[in-house]
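Here is the structure we will look at, set down as structure tokens.
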Amino acid sequence: MSKDKKTESLNDPFNSQPENKDEEMTVTLDLMDGTTVTCAIVTILPINNQDYIVLLPLDENGENNDGEVWFYRYYENKDNPNDEPVLEYIEEDEEYEIVSDAFDEYLDSAEFDEFMKEE
């Protein structure tokens, strides 16, 4: 990866095996400013042959009270699944808007699916 790309590093690999079905999958990020943040993984969105991850930053109590989500480009090494995934900032406004719109569609679909389960 080139050095000019802004990336966040994963401190602790994905917690992809929640202890129970109500527990969220999480990832811990070492941010470029030196802080560490645990985030719930909301979803991974495939858009135009690129994956994007949607993360919900959590406070020290495991809560998110403002509903803010973070979008990153997401890469996995398909040849070696043991390699740590890489996250990259989305710097272009147009690309960010495309991801934001796709996430809105994802939320609309999730709400519709939840509504259909209730009936």
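Here, A, B, ... name the chains of the structure tokens in the order displayed, residue numbers run from 1 inside each chain, and ligands are numbered from 1 in the same displayed order.
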Residues near Asn48 of chain A, cut-off 12 Å, only C-alpha atoms, skip fewer than 2 positions along chain, as a PDB file with N, CA and C atoms, in the first residue's frame:
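Contents of selection_4.pdb, as written:
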ATOM      1  N   LEU A  45     -20.620  -2.885   2.726  1.00  0.00           N
ATOM      2  CA  LEU A  45     -21.381  -2.601   1.516  1.00  0.00           C
ATOM      3  C   LEU A  45     -20.500  -2.780   0.283  1.00  0.00           C
ATOM      4  N   PRO A  46     -20.849  -3.691  -0.623  1.00  0.00           N
ATOM      5  CA  PRO A  46     -20.122  -3.775  -1.892  1.00  0.00           C
ATOM      6  C   PRO A  46     -20.713  -2.763  -2.877  1.00  0.00           C
ATOM      7  N   GLN A  50     -15.925  -2.361  -5.068  1.00  0.00           N
ATOM      8  CA  GLN A  50     -15.156  -1.937  -3.901  1.00  0.00           C
ATOM      9  C   GLN A  50     -16.018  -2.185  -2.668  1.00  0.00           C
ATOM     10  N   ASP A  51     -15.415  -2.718  -1.614  1.00  0.00           N
ATOM     11  CA  ASP A  51     -16.131  -2.897  -0.362  1.00  0.00           C
ATOM     12  C   ASP A  51     -15.915  -1.686   0.532  1.00  0.00           C
ATOM     13  N   TYR A  52     -16.976  -1.325   1.252  1.00  0.00           N
ATOM     14  CA  TYR A  52     -16.930  -0.245   2.226  1.00  0.00           C
ATOM     15  C   TYR A  52     -17.492  -0.795   3.531  1.00  0.00           C
ATOM     16  N   ARG A  73     -13.191   2.706   3.080  1.00  0.00           N
ATOM     17  CA  ARG A  73     -12.920   1.657   2.102  1.00  0.00           C
ATOM     18  C   ARG A  73     -12.387   0.482   2.889  1.00  0.00           C
ATOM     19  N   GLU A  95     -17.429  10.190  -3.793  1.00  0.00           N
ATOM     20  CA  GLU A  95     -17.381   8.792  -3.344  1.00  0.00           C
ATOM     21  C   GLU A  95     -18.088   8.638  -1.997  1.00  0.00           C
ATOM     22  N   ILE A  98     -21.804   8.581  -2.474  1.00  0.00           N
ATOM     23  CA  ILE A  98     -22.259   7.299  -3.023  1.00  0.00           C
ATOM     24  C   ILE A  98     -22.391   6.274  -1.902  1.00  0.00           C
ATOM     25  N   VAL A  99     -21.409   6.222  -1.011  1.00  0.00           N
ATOM     26  CA  VAL A  99     -21.450   5.280   0.107  1.00  0.00           C
ATOM     27  C   VAL A  99     -22.576   5.645   1.070  1.00  0.00           C
ATOM     28  N   ALA A 102     -25.829   4.565  -0.396  1.00  0.00           N
ATOM     29  CA  ALA A 102     -25.968   3.102  -0.323  1.00  0.00           C
ATOM     30  C   ALA A 102     -26.312   2.679   1.099  1.00  0.00           C
TER      31      ALA A 102
END
inquiry  = as a list in words, please: every residue in segment 73-110 of chain A that a backbone DSSP assignment puts in alpha helix (DSSP H).
reply    =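 Residues meeting the alpha helix (DSSP H) criterion: Asp93, Glu94, Glu95, Tyr96, Glu97, Ile98, Val99, Ser100, Asp101, Ala102, Phe103, Asp104, Glu105, Tyr106, Leu107, Asp108, Ser109 and Ala110 of chain A.
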Just C-alpha atoms for this one: save the residues we selected as a compact mmCIF listing (two decimals), in the first residue's frame.
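Generated file (out.txt):
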# COMPACT_ATOMS: atom_id res chain seq x y z
CA ASP A 93 -16.94 13.99 -1.53
CA GLU A 94 -18.55 12.23 -4.49
CA GLU A 95 -17.38 8.79 -3.34
CA TYR A 96 -18.50 9.54 0.23
CA GLU A 97 -21.97 10.54 -1.04
CA ILE A 98 -22.26 7.30 -3.02
CA VAL A 99 -21.45 5.28 0.11
CA SER A 100 -23.79 7.39 2.24
CA ASP A 101 -26.65 6.86 -0.24
CA ALA A 102 -25.97 3.10 -0.32
CA PHE A 103 -26.04 3.03 3.48
CA ASP A 104 -29.38 4.90 3.48
CA GLU A 105 -30.75 2.25 1.11
CA TYR A 106 -29.38 -0.46 3.40
CA LEU A 107 -31.18 1.14 6.38
CA ASP A 108 -34.42 1.45 4.40
CA SER A 109 -34.19 -2.22 3.45
CA ALA A 110 -33.43 -3.26 7.05
inquiry  = Between atom CA of Ile41 of chain A and atom CA of Glu76 of chain A, what is the distance in Å, rounded to a tenth?
reply    = 15.1 Å
request  = Could you tell me which of A:Asp33, A:Thr28, A:Ile53, A:Val69 comes closest to Glu88 of chain A if we count only C-alpha atoms?
outcome  =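 So, comparing all the options, the nearest one is A:Ile53.
Interatomic distance, atom CA of Pro57 of chain A to atom CA of Trp70 of chain A: 7.5 Å.
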